[in-house]
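Q: So I've got this file, work_24.txt, and it contains compact mmCIF, C-alpha atoms:
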```txt
# COMPACT_ATOMS: atom_id res chain seq x y z
CA MET X 1 191.90 119.09 33.86
CA GLN X 2 188.34 120.38 33.51
CA GLY X 3 186.92 121.88 36.72
CA SER X 4 183.31 122.08 37.87
CA ALA X 5 180.91 124.32 35.93
CA ALA X 6 181.26 127.08 38.54
CA PHE X 7 185.06 126.81 38.48
CA GLU X 8 185.18 127.07 34.66
CA PHE X 9 182.85 130.07 34.74
CA VAL X 10 184.93 131.96 37.32
CA ALA X 11 188.21 131.06 35.60
CA GLY X 12 186.84 132.41 32.32
CA GLU X 13 185.54 135.60 33.94
CA LEU X 14 188.84 136.12 35.77
CA GLU X 15 190.76 135.70 32.52
CA ARG X 16 188.60 138.36 30.83
CA SER X 17 188.15 140.88 33.64
CA ALA X 18 191.73 140.82 34.97
CA ARG X 19 193.28 140.38 31.53
CA LEU X 20 195.24 137.40 32.70
CA ASP X 21 196.27 134.57 30.45
CA ARG X 22 194.44 131.28 30.85
CA ALA X 23 197.22 129.60 32.87
CA ALA X 24 197.63 132.55 35.28
CA ALA X 25 193.89 132.90 35.91
CA ARG X 26 193.37 129.20 36.52
CA GLY X 27 196.57 128.99 38.57
CA ALA X 28 195.52 131.80 40.94
CA LEU X 29 192.06 130.29 41.33
CA ARG X 30 193.48 126.82 41.95
CA SER X 31 195.89 128.19 44.57
CA ALA X 32 193.08 129.91 46.45
CA LEU X 33 190.99 126.73 46.33
CA ALA X 34 193.93 124.58 47.47
CA LEU X 35 194.40 126.84 50.48
CA ALA X 36 190.86 125.99 51.59
CA LEU X 37 191.23 122.31 50.55
CA PHE X 38 188.57 122.51 47.83
CA ASP X 39 188.75 120.31 44.75
CA PRO X 40 188.32 122.35 41.50
CA VAL X 41 186.41 119.42 39.98
CA ARG X 42 183.77 119.32 42.75
CA VAL X 43 183.70 122.89 44.04
CA THR X 44 180.23 124.45 44.02
CA ALA X 45 179.23 128.04 43.25
CA SER X 46 178.53 128.85 46.92
CA GLN X 47 181.91 127.47 48.01
CA LEU X 48 183.64 129.41 45.21
CA ARG X 49 181.92 132.61 46.27
CA LEU X 50 183.43 132.27 49.77
CA VAL X 51 186.87 131.62 48.31
CA ILE X 52 186.59 134.64 46.01
CA GLU X 53 185.46 136.87 48.86
CA ARG X 54 188.08 135.73 51.37
CA LEU X 55 191.13 134.32 49.61
CA LEU X 56 191.37 135.09 45.91
CA ALA X 57 192.34 138.77 46.22
CA ALA X 58 195.52 137.87 48.13
CA GLU X 59 196.44 135.30 45.49
CA LEU X 60 195.92 137.81 42.67
CA GLU X 61 197.93 140.49 44.47
CA ARG X 62 200.73 137.99 44.96
CA SER X 63 200.84 137.50 41.20
CA GLY X 64 201.13 141.28 40.73
CA LEU X 65 197.58 142.19 39.74
CA GLU X 66 196.45 145.68 40.74
CA GLY X 67 192.90 146.29 41.93
CA ALA X 68 192.50 142.66 42.99
CA ASP X 69 189.80 143.55 45.54
CA ARG X 70 187.62 145.24 42.91
CA THR X 71 188.14 142.34 40.51
CA CYS X 72 187.04 139.88 43.20
CA GLN X 73 183.96 141.92 44.07
CA ARG X 74 182.94 141.92 40.40
CA LEU X 75 183.60 138.19 40.14
CA ALA X 76 181.49 137.46 43.22
CA THR X 77 178.64 139.55 41.83
CA ARG X 78 178.82 137.84 38.43
CA LEU X 79 178.93 134.42 40.08
CA ALA X 80 175.90 135.21 42.26
CA SER X 81 173.87 136.11 39.17
CA GLU X 82 174.63 132.81 37.41
CA ARG X 83 172.76 129.56 37.88
CA PHE X 84 174.56 126.23 37.73
CA GLU X 85 173.25 122.69 37.50
CA THR X 86 173.51 121.12 40.96
CA SER X 87 173.48 117.50 39.87
CA GLY X 88 176.42 116.44 42.05
CA PRO X 89 176.13 114.94 45.52
CA GLU X 90 175.59 117.14 48.57
CA SER X 91 178.73 118.10 50.48
CA PRO X 92 179.13 116.69 54.01
CA ASP X 93 178.84 120.31 55.27
CA ASP X 94 175.41 120.69 53.66
CA VAL X 95 174.23 117.40 55.18
CA PHE X 96 175.51 118.06 58.72
CA SER X 97 174.33 121.65 58.60
CA ARG X 98 170.80 120.28 58.12
CA LEU X 99 171.17 117.59 60.82
CA ILE X 100 172.08 120.11 63.55
CA ARG X 101 169.18 121.62 65.49
CA ARG X 102 169.67 125.39 65.64
CA MET Q 1 175.02 100.61 88.95
CA LEU Q 2 177.77 102.76 87.44
CA GLY Q 3 177.99 100.26 84.60
CA ILE Q 4 174.32 100.72 83.77
CA ALA Q 5 174.36 104.52 84.18
CA GLY Q 6 176.51 105.27 81.13
CA ILE Q 7 174.59 102.85 78.92
CA ALA Q 8 171.29 104.36 80.13
CA VAL Q 9 172.50 107.87 79.27
CA PHE Q 10 173.54 106.63 75.82
CA PHE Q 11 170.11 105.03 75.27
CA ALA Q 12 168.27 108.19 76.32
CA VAL Q 13 170.37 110.56 74.18
CA GLY Q 14 170.47 108.08 71.27
CA LEU Q 15 166.68 107.86 71.34
CA LEU Q 16 166.28 111.63 71.51
CA VAL Q 17 168.69 112.29 68.64
CA SER Q 18 167.42 109.47 66.42
CA VAL Q 19 163.77 110.50 66.86
CA ARG Q 20 164.73 114.07 65.92
CA LEU Q 21 166.66 112.87 62.86
CA LEU Q 22 163.78 110.66 61.74
CA GLY Q 23 161.37 113.58 62.21
CA LEU Q 24 163.67 115.71 60.08
CA ALA Q 25 163.77 112.95 57.43
CA ARG Q 26 159.97 112.90 57.36
CA ARG Q 27 159.91 116.62 56.62
CA THR Q 28 162.83 116.83 54.17
CA ARG Q 29 162.43 113.41 52.48
CA ARG Q 30 166.26 113.24 52.34
CA LEU Q 31 168.21 110.01 52.65
CA PRO Q 32 171.14 111.11 54.91
CA GLU Q 33 168.92 112.04 57.88
CA LEU Q 34 166.87 108.86 57.44
CA LEU Q 35 170.03 106.71 57.42
CA ALA Q 36 171.59 108.52 60.39
CA GLY Q 37 168.35 108.23 62.38
CA LEU Q 38 167.80 104.55 61.57
CA GLY Q 39 171.46 103.75 62.21
CA LEU Q 40 171.48 105.36 65.61
CA LEU Q 41 168.12 103.88 66.61
CA GLY Q 42 168.98 100.37 65.42
CA ILE Q 43 172.49 100.16 66.88
CA GLY Q 44 171.66 101.93 70.13
CA PRO Q 45 168.30 102.27 71.85
CA LEU Q 46 166.24 99.76 69.88
CA GLY Q 47 168.73 96.98 69.12
CA PHE Q 48 170.43 96.98 72.51
CA CYS Q 49 167.18 97.40 74.48
CA VAL Q 50 165.61 94.37 72.80
CA LEU Q 51 168.81 92.34 73.29
CA MET Q 52 169.17 93.33 76.94
CA GLY Q 53 165.43 92.97 77.55
CA GLY Q 54 165.61 89.34 76.45
CA ILE Q 55 168.62 88.65 78.66
CA ILE Q 56 167.24 90.38 81.77
CA LEU Q 57 163.54 89.50 81.55
CA PHE Q 58 163.37 86.15 79.77
CA ARG Q 59 166.64 84.35 80.54
CA GLY Q 60 166.20 80.58 80.16
CA THR Q 61 162.79 80.79 78.43
CA PRO Q 62 161.99 80.34 74.72
CA LEU Q 63 161.23 84.07 74.51
CA ALA Q 64 164.89 84.86 75.23
CA ASP Q 65 165.85 83.55 71.79
CA VAL Q 66 163.10 85.59 70.08
CA PHE Q 67 164.39 88.75 71.77
CA ARG Q 68 168.02 87.87 70.97
CA ILE Q 69 167.34 87.29 67.28
CA THR Q 70 165.11 90.37 66.99
CA GLY Q 71 167.70 92.52 68.79
CA LEU Q 72 170.54 91.25 66.59
CA GLY Q 73 168.44 91.88 63.47
CA LEU Q 74 167.57 95.43 64.52
CA GLN Q 75 171.19 96.10 65.35
CA ALA Q 76 172.35 94.68 62.00
CA LEU Q 77 169.85 96.95 60.20
CA GLY Q 78 171.21 99.87 62.21
CA PHE Q 79 174.73 99.04 61.08
CA VAL Q 80 173.59 98.78 57.44
CA ALA Q 81 172.06 102.27 57.72
CA SER Q 82 175.15 103.66 59.48
CA VAL Q 83 177.59 102.29 56.88
CA SER Q 84 175.35 103.54 54.05
CA PHE Q 85 175.38 107.00 55.69
CA THR Q 86 179.19 107.02 55.77
CA CYS Q 87 179.40 105.97 52.13
CA LEU Q 88 176.73 108.41 50.91
CA VAL Q 89 177.86 111.48 52.85
CA PHE Q 90 181.65 111.19 52.96
CA ARG Q 91 182.49 109.15 49.83
CA PRO Q 92 179.78 109.77 47.23
CA GLY Q 93 180.71 108.29 43.87
CA SER Q 94 183.70 106.39 45.24
CA ASP Q 95 183.98 102.84 43.91
CA TRP Q 96 186.17 101.55 46.74
CA ALA Q 97 183.82 102.99 49.38
CA ARG Q 98 180.81 101.38 47.70
CA ALA Q 99 182.71 98.06 47.56
CA LEU Q 100 183.67 98.32 51.25
CA ALA Q 101 180.08 99.18 52.24
CA THR Q 102 178.81 96.19 50.22
CA VAL Q 103 181.31 93.85 51.90
CA ILE Q 104 180.26 95.12 55.35
CA VAL Q 105 176.53 94.78 54.55
CA LEU Q 106 176.98 91.24 53.18
CA GLY Q 107 179.13 90.38 56.21
CA LEU Q 108 176.42 91.67 58.54
CA LEU Q 109 173.79 89.58 56.75
CA VAL Q 110 175.87 86.40 56.93
CA THR Q 111 176.90 86.85 60.56
CA PHE Q 112 173.36 87.80 61.59
CA LEU Q 113 171.96 84.62 60.03
CA SER Q 114 174.76 82.54 61.54
CA CYS Q 115 174.40 84.08 65.01
CA ALA Q 116 170.61 83.72 64.86
CA LEU Q 117 170.78 80.05 63.91
CA ASP Q 118 173.71 79.13 66.14
CA PRO Q 119 173.85 80.94 69.49
CA ALA Q 120 176.95 80.53 71.67
CA ARG Q 121 175.16 78.57 74.37
CA ALA Q 122 177.81 76.42 75.98
CA GLY Q 123 180.63 76.18 73.51
CA GLY Q 124 181.89 79.77 73.71
CA LEU Q 125 182.41 82.07 70.72
CA ARG Q 126 182.49 80.61 67.22
CA LEU Q 127 183.97 82.05 64.04
CA HIS Q 128 180.78 83.97 63.09
CA HIS Q 129 180.65 85.61 66.54
CA HIS Q 130 184.21 86.87 66.06
CA LEU Q 131 183.38 88.04 62.51
CA ASP Q 132 180.19 89.76 63.68
CA THR Q 133 182.11 91.85 66.20
CA TRP Q 134 184.93 92.73 63.80
CA ILE Q 135 182.51 93.78 61.07
CA LYS Q 136 180.65 96.04 63.52
CA ILE Q 137 183.92 97.56 64.74
CA LEU Q 138 184.98 98.07 61.11
CA GLY Q 139 181.68 99.80 60.27
CA LEU Q 140 181.86 102.20 63.22
CA GLY Q 141 185.62 102.71 62.83
CA TRP Q 142 185.30 103.59 59.16
CA GLY Q 143 182.60 106.17 59.91
CA ALA Q 144 184.75 107.64 62.70
CA LEU Q 145 187.82 107.93 60.45
CA GLU Q 146 185.87 109.57 57.63
CA SER Q 147 184.25 112.10 59.94
CA LEU Q 148 187.52 112.95 61.70
CA ARG Q 149 189.31 113.25 58.35
CA TYR Q 150 186.64 115.68 57.14
CA TRP Q 151 186.79 117.59 60.44
CA ARG Q 152 190.49 118.31 59.74
CA VAL Q 153 189.49 119.76 56.35
CA THR Q 154 186.73 121.95 57.81
CA ARG Q 155 188.96 123.05 60.70
CA GLN Q 156 191.29 124.67 58.16
CA ARG Q 157 188.32 126.32 56.45
CA VAL Q 158 187.03 127.63 59.78
CA ALA Q 159 190.45 129.18 60.41
CA LEU Q 160 190.15 130.94 57.04
CA GLY Q 161 186.66 132.15 57.93
CA ILE Q 162 184.88 130.19 55.20
CA ALA Q 163 183.22 127.39 57.18
CA ASP Q 164 180.71 127.21 60.01
CA PRO Q 165 182.49 126.33 63.29
CA LEU Q 166 179.41 124.56 64.64
CA VAL Q 167 179.21 122.27 61.60
CA SER Q 168 182.96 121.65 61.75
CA ALA Q 169 182.71 120.68 65.44
CA SER Q 170 179.85 118.30 64.63
CA PHE Q 171 182.22 116.27 62.40
CA LEU Q 172 184.67 115.97 65.31
CA LEU Q 173 181.89 114.98 67.72
CA TRP Q 174 180.29 112.46 65.34
CA GLY Q 175 183.75 110.93 64.79
CA ILE Q 176 184.38 110.70 68.54
CA SER Q 177 180.93 109.16 69.13
CA LEU Q 178 181.48 106.47 66.50
CA ALA Q 179 185.03 105.78 67.73
CA SER Q 180 183.74 105.45 71.28
CA GLY Q 181 181.04 103.04 70.08
CA ALA Q 182 183.68 100.96 68.29
CA LEU Q 183 185.82 100.97 71.42
CA GLY Q 184 182.81 99.77 73.46
CA PHE Q 185 182.31 96.81 71.11
CA ALA Q 186 186.05 96.03 71.21
CA LEU Q 187 186.07 96.14 75.03
CA VAL Q 188 183.18 93.70 75.36
CA TYR Q 189 184.77 91.45 72.75
CA ALA Q 190 188.16 91.46 74.54
CA ALA Q 191 186.42 90.75 77.84
CA LEU Q 192 184.38 87.87 76.38
CA LEU Q 193 187.56 86.29 75.01
CA SER Q 194 188.97 86.07 78.52
CA LEU Q 195 185.79 84.75 80.16
CA HIS Q 196 184.34 81.26 80.42
CA PRO Q 197 181.00 80.80 78.59
CA GLY Q 198 178.15 82.17 80.72
CA GLU Q 199 180.48 84.09 83.07
CA PRO Q 200 179.28 87.70 83.57
CA LEU Q 201 181.34 90.76 82.60
CA GLY Q 202 183.56 92.12 85.37
CA ALA Q 203 182.94 95.43 87.14
CA ARG Q 204 185.93 97.09 85.45
CA VAL Q 205 184.67 96.19 81.96
CA GLN Q 206 181.19 97.44 82.86
CA LEU Q 207 182.68 100.72 84.06
CA LEU Q 208 184.68 101.15 80.85
CA MET Q 209 181.56 100.35 78.78
CA SER Q 210 179.70 102.93 80.79
CA ALA Q 211 182.40 105.50 80.07
CA CYS Q 212 182.13 104.72 76.33
CA GLY Q 213 178.36 105.20 76.59
CA ILE Q 214 178.76 108.59 78.26
CA VAL Q 215 181.35 109.78 75.70
CA THR Q 216 179.11 108.64 72.82
CA ALA Q 217 176.06 110.31 74.37
CA ALA Q 218 177.88 113.58 75.02
CA GLY Q 219 179.22 113.60 71.44
CA LEU Q 220 175.81 112.94 69.91
CA TYR Q 221 174.12 115.56 72.07
CA LEU Q 222 176.60 118.33 71.29
CA ALA Q 223 176.78 117.37 67.59
CA PHE Q 224 173.05 117.28 66.84
CA LEU Q 225 171.31 119.12 69.69
CA PRO Q 226 173.90 121.78 70.53
CA PRO Q 227 172.92 124.06 73.43
CA LYS Q 228 172.78 127.73 72.42
CA ALA Q 229 175.56 128.73 74.84
CA TYR Q 230 177.89 126.12 73.34
CA ALA Q 231 177.11 127.24 69.77
CA ARG Q 232 177.64 130.87 70.74
CA ARG Q 233 180.98 130.09 72.39
CA LEU Q 234 182.20 128.23 69.29
CA ALA Q 235 181.17 131.15 67.04
CA GLU Q 236 182.91 133.70 69.28
CA ARG Q 237 186.10 131.68 69.52
CA SER Q 238 186.20 131.17 65.78
CA ALA Q 239 185.55 134.88 65.10
CA ALA Q 240 188.40 135.83 67.45
CA ARG Q 241 190.80 133.41 65.73
CA THR Q 242 189.84 134.60 62.25
CA ALA Q 243 190.34 138.22 63.33
CA VAL Q 244 193.82 137.44 64.69
CA ALA Q 245 194.75 135.59 61.49
```
If you convert what's in this file into structure tokens, what do you get?

A:
Amino acid sequence: MQGSAAFEFVAGELERSARLDRAAARGALRSALALALFDPVRVTASQLRLVIERLLAAELERSGLEGADRTCQRLATRLASERFETSGPESPDDVFSRLIRR
Amino acid sequence: MLGIAGIAVFFAVGLLVSVRLLGLARRTRRLPELLAGLGLLGIGPLGFCVLMGGIILFRGTPLADVFRITGLGLQALGFVASVSFTCLVFRPGSDWARALATVIVLGLLVTFLSCALDPARAGGLRLHHHLDTWIKILGLGWGALESLRYWRVTRQRVALGIADPLVSASFLLWGISLASGALGFALVYAALLSLHPGEPLGARVQLLMSACGIVTAAGLYLAFLPPKAYARRLAERSAARTAVA
């Protein structure tokens, strides 16, 4: 199943930079997203960045990849430099974050 | 007196929060804050105040009916805004949610017109009065369930260190506030079923309503106007848990 634009970008980058096959790259990314209850179809770039920074390295190490931390740092940097269409609806977090007086 | 106290606290906090949300909507021009503000204002301070004002100040005069119909209308509009907020924020793009919201809005329109044209003067509650209450409980209950369901999702993300604990807590508090509102409506409904037409609500029911008002008010206040100490405590607790994990 096709993921969001950000998901497809990161999966492609992961495949290239970690020299993983398509299934392994997408599988590791999906596992990290599932851990945080994110849907690959709706996940946004900012949500993906958090998952890459906090969860993906452990998933990659579990699948035997060396230098997972460095790979994730590179991925996060690449993701931050990309711009994605934000045509989808706002997440409930974005809405409530705005509604709270800080 | 105790019965009025909780409702008064709910009115005051509801007014404060809804005015802030409407002010935010004026600045951001975003729909969610407008719907949340209108929903809260219509269901709580405005709708109830006009309804109660008519009952207390103009009982037995022709003005009582004007206040009753206006209050019911404002409350129905509040419910329309509240249900639209639930659909837009928690279930965007969902066909079943849009269908449910449409059914609730149409139900509110029909029961409002029926209640406005046919008040329960001497004959007790009629079918549309029952429907009106159930639709309102459904609207609030749906919002509560969606918010609590999403709170469970964000709670897991907070534990992983990838979600804001204050935002996560606001889903829990919003859910509790809506559930407490639904419970308040259900309590009054259950009490009315056991009363003769025109008989006032008992002290125990008033006390329970008051408790619902206080719970709703506390939830709204902490969710949307969180004191700095409370926000700081949540952040510290979450940081400690993430570090342990």

Q: Name the residues in contact with segment 82-98 of chain X at a cut-off of 10 Å, using all atoms listed in the file, excluding same-chain residues fewer than 3 positions from it; report them as JSON, numbers by chain.

A: {"X": [4, 5, 6, 9, 42, 43, 44, 45, 77, 78, 79, 101, 102], "Q": [21, 24, 28, 30, 31, 32, 33, 86, 88, 89, 90, 91, 92, 93, 147, 150, 151, 154, 163, 164, 166, 167, 168, 170, 171, 174, 223, 224]}

Q: Please report the interatomic distance between atom CA of Gln47 of chain X and atom CA of Gly3 of chain X in Å with one decimal.

A: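 Atom-to-atom, atom CA of Gln47 of chain X to atom CA of Gly3 of chain X, that is 13.6 Å.
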
Q: Around segment 20-38 of chain X, fit a box with edges along x, y and z, padding it by 4 Å on each side, then list its centre and edge lengths in Å to one decimal as AutoDock Vina command-line options.

A:
```
--center_x 193.1 --center_y 129.9 --center_z 41.0 --size_x 17.1 --size_y 23.1 --size_z 29.1
```

Q: Of the candidates X:Leu56, X:Ser17, X:Ser46, X:Glu61, which shows the shortest atom-to-atom distance to Leu33 of chain X, using only C-alpha atoms?

A: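 Looking only at the distances to Leu33 of chain X, the closest residue turns out to be X:Leu56.
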
Q: Closest to Ser180 of chain Q among Q:Cys87, Q:Val215, Q:Val13, Q:Ala101, using only C-alpha atoms?

A: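 When distances to Ser180 of chain Q are compared using only C-alpha atoms, the smallest one comes from Q:Val215.
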
Q: I'd like the neighbourhood of Ala191 of chain Q as a ChimeraX atom specification, where a residue qualifies if any of its atoms comes within 12 Å (using all atoms listed in the file), though same-chain residues fewer than 3 positions away should be ignored.

A: /Q:125,184-188,194-197,199-206,208-209

Q: Which of these, Q:Val19, Q:Ala5, Q:Ala116, Q:Leu100, has the shortest distance to chain X once you count all atoms listed in the file?

A: Q:Val19

Q: Rounded to one decimal, what separation in Å do you get between atom CA of Glu13 of chain X and atom CA of Thr242 of chain Q?

A: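 Interatomic distance here is 28.7 Å.
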
Q: What does the distance from atom CA of Val153 of chain Q to atom CA of Ala169 of chain Q come to in Å, to one decimal?

A: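 Between atom CA of Val153 of chain Q and atom CA of Ala169 of chain Q the gap works out to 11.4 Å.
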
Q: Could you check which of X:Arg19, X:Arg54, X:Arg62, X:Arg26 is closest to chain Q, using only C-alpha atoms?

A: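 For chain Q, the nearest of the candidates is X:Arg54.
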
Q: Which is closest to Gly37 of chain Q among Q:Arg59, Q:Arg20, Q:Arg155, Q:Arg232, if we use only C-alpha atoms?

A: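 For Gly37 of chain Q, the nearest of the candidates is Q:Arg20.
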
Q: Calculated over all atoms listed in the file, which of the candidates Q:Ser18, Q:Ser210, Q:Ser114, Q:Gln156 has the smallest distance to chain X?

A: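 Between Q:Ser18, Q:Ser210, Q:Ser114, Q:Gln156, the residue approaching chain X most closely is Q:Gln156.
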
Q: Write out as a tab-separated table (two decimals) with C-alpha atoms, keeping the file's coordinate frame each polymer residue whose atoms come within 8 Å of Gly12 of chain X, counting all atoms listed in the file; drop sequence neighbours fewer than 3 positions from it.

A:
```
chain	number	residue	atom	x	y	z
X	8	GLU	CA	185.18	127.07	34.66
X	9	PHE	CA	182.85	130.07	34.74
X	15	GLU	CA	190.76	135.70	32.52
X	16	ARG	CA	188.60	138.36	30.83
X	22	ARG	CA	194.44	131.28	30.85
X	25	ALA	CA	193.89	132.90	35.91
```

Q: List as a list in words the protein and nucleic acid residues near Leu35 of chain X, meaning an atom at most 10 Å away when all atoms listed in the file are counted, but skip any in the same chain fewer than 5 places from it.

A: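 My reading of the contact set: Arg30, Val51, Leu55 and Leu56 of chain X; Gln156, Arg157 and Leu160 of chain Q.
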
Q: If you keep N, CA and C atoms, can you output segment 224-238 of chain Q as a PDB file, in the first residue's frame?

A:
```pdb
ATOM      1  N   PHE Q 224      -7.859  23.855  28.515  1.00  0.00           N
ATOM      2  CA  PHE Q 224      -7.636  25.004  27.618  1.00  0.00           C
ATOM      3  C   PHE Q 224      -6.952  26.206  28.267  1.00  0.00           C
ATOM      4  N   LEU Q 225      -7.016  26.297  29.591  1.00  0.00           N
ATOM      5  CA  LEU Q 225      -6.336  27.402  30.279  1.00  0.00           C
ATOM      6  C   LEU Q 225      -5.432  26.822  31.368  1.00  0.00           C
ATOM      7  N   PRO Q 226      -4.523  25.920  30.995  1.00  0.00           N
ATOM      8  CA  PRO Q 226      -3.757  25.214  32.033  1.00  0.00           C
ATOM      9  C   PRO Q 226      -2.851  26.158  32.820  1.00  0.00           C
ATOM     10  N   PRO Q 227      -2.923  26.093  34.155  1.00  0.00           N
ATOM     11  CA  PRO Q 227      -1.998  26.905  34.961  1.00  0.00           C
ATOM     12  C   PRO Q 227      -0.558  26.449  34.694  1.00  0.00           C
ATOM     13  N   LYS Q 228       0.374  27.377  34.824  1.00  0.00           N
ATOM     14  CA  LYS Q 228       1.781  27.079  34.502  1.00  0.00           C
ATOM     15  C   LYS Q 228       2.335  25.943  35.375  1.00  0.00           C
ATOM     16  N   ALA Q 229       1.947  25.950  36.655  1.00  0.00           N
ATOM     17  CA  ALA Q 229       2.467  24.919  37.578  1.00  0.00           C
ATOM     18  C   ALA Q 229       2.006  23.527  37.138  1.00  0.00           C
ATOM     19  N   TYR Q 230       0.756  23.445  36.688  1.00  0.00           N
ATOM     20  CA  TYR Q 230       0.199  22.164  36.231  1.00  0.00           C
ATOM     21  C   TYR Q 230       0.931  21.692  34.966  1.00  0.00           C
ATOM     22  N   ALA Q 231       1.157  22.619  34.032  1.00  0.00           N
ATOM     23  CA  ALA Q 231       1.857  22.270  32.785  1.00  0.00           C
ATOM     24  C   ALA Q 231       3.288  21.818  33.079  1.00  0.00           C
ATOM     25  N   ARG Q 232       3.917  22.526  34.025  1.00  0.00           N
ATOM     26  CA  ARG Q 232       5.299  22.186  34.382  1.00  0.00           C
ATOM     27  C   ARG Q 232       5.359  20.789  35.017  1.00  0.00           C
ATOM     28  N   ARG Q 233       4.379  20.505  35.884  1.00  0.00           N
ATOM     29  CA  ARG Q 233       4.367  19.205  36.557  1.00  0.00           C
ATOM     30  C   ARG Q 233       4.186  18.063  35.557  1.00  0.00           C
ATOM     31  N   LEU Q 234       3.290  18.289  34.581  1.00  0.00           N
ATOM     32  CA  LEU Q 234       3.070  17.271  33.540  1.00  0.00           C
ATOM     33  C   LEU Q 234       4.355  17.016  32.751  1.00  0.00           C
ATOM     34  N   ALA Q 235       5.032  18.112  32.386  1.00  0.00           N
ATOM     35  CA  ALA Q 235       6.274  17.999  31.591  1.00  0.00           C
ATOM     36  C   ALA Q 235       7.337  17.257  32.383  1.00  0.00           C
ATOM     37  N   GLU Q 236       7.455  17.582  33.677  1.00  0.00           N
ATOM     38  CA  GLU Q 236       8.485  16.924  34.504  1.00  0.00           C
ATOM     39  C   GLU Q 236       8.194  15.439  34.672  1.00  0.00           C
ATOM     40  N   ARG Q 237       6.929  15.126  34.917  1.00  0.00           N
ATOM     41  CA  ARG Q 237       6.553  13.726  35.108  1.00  0.00           C
ATOM     42  C   ARG Q 237       6.810  12.904  33.842  1.00  0.00           C
ATOM     43  N   SER Q 238       6.463  13.528  32.707  1.00  0.00           N
ATOM     44  CA  SER Q 238       6.654  12.839  31.436  1.00  0.00           C
ATOM     45  C   SER Q 238       8.141  12.636  31.137  1.00  0.00           C
TER      46      SER Q 238
END
```
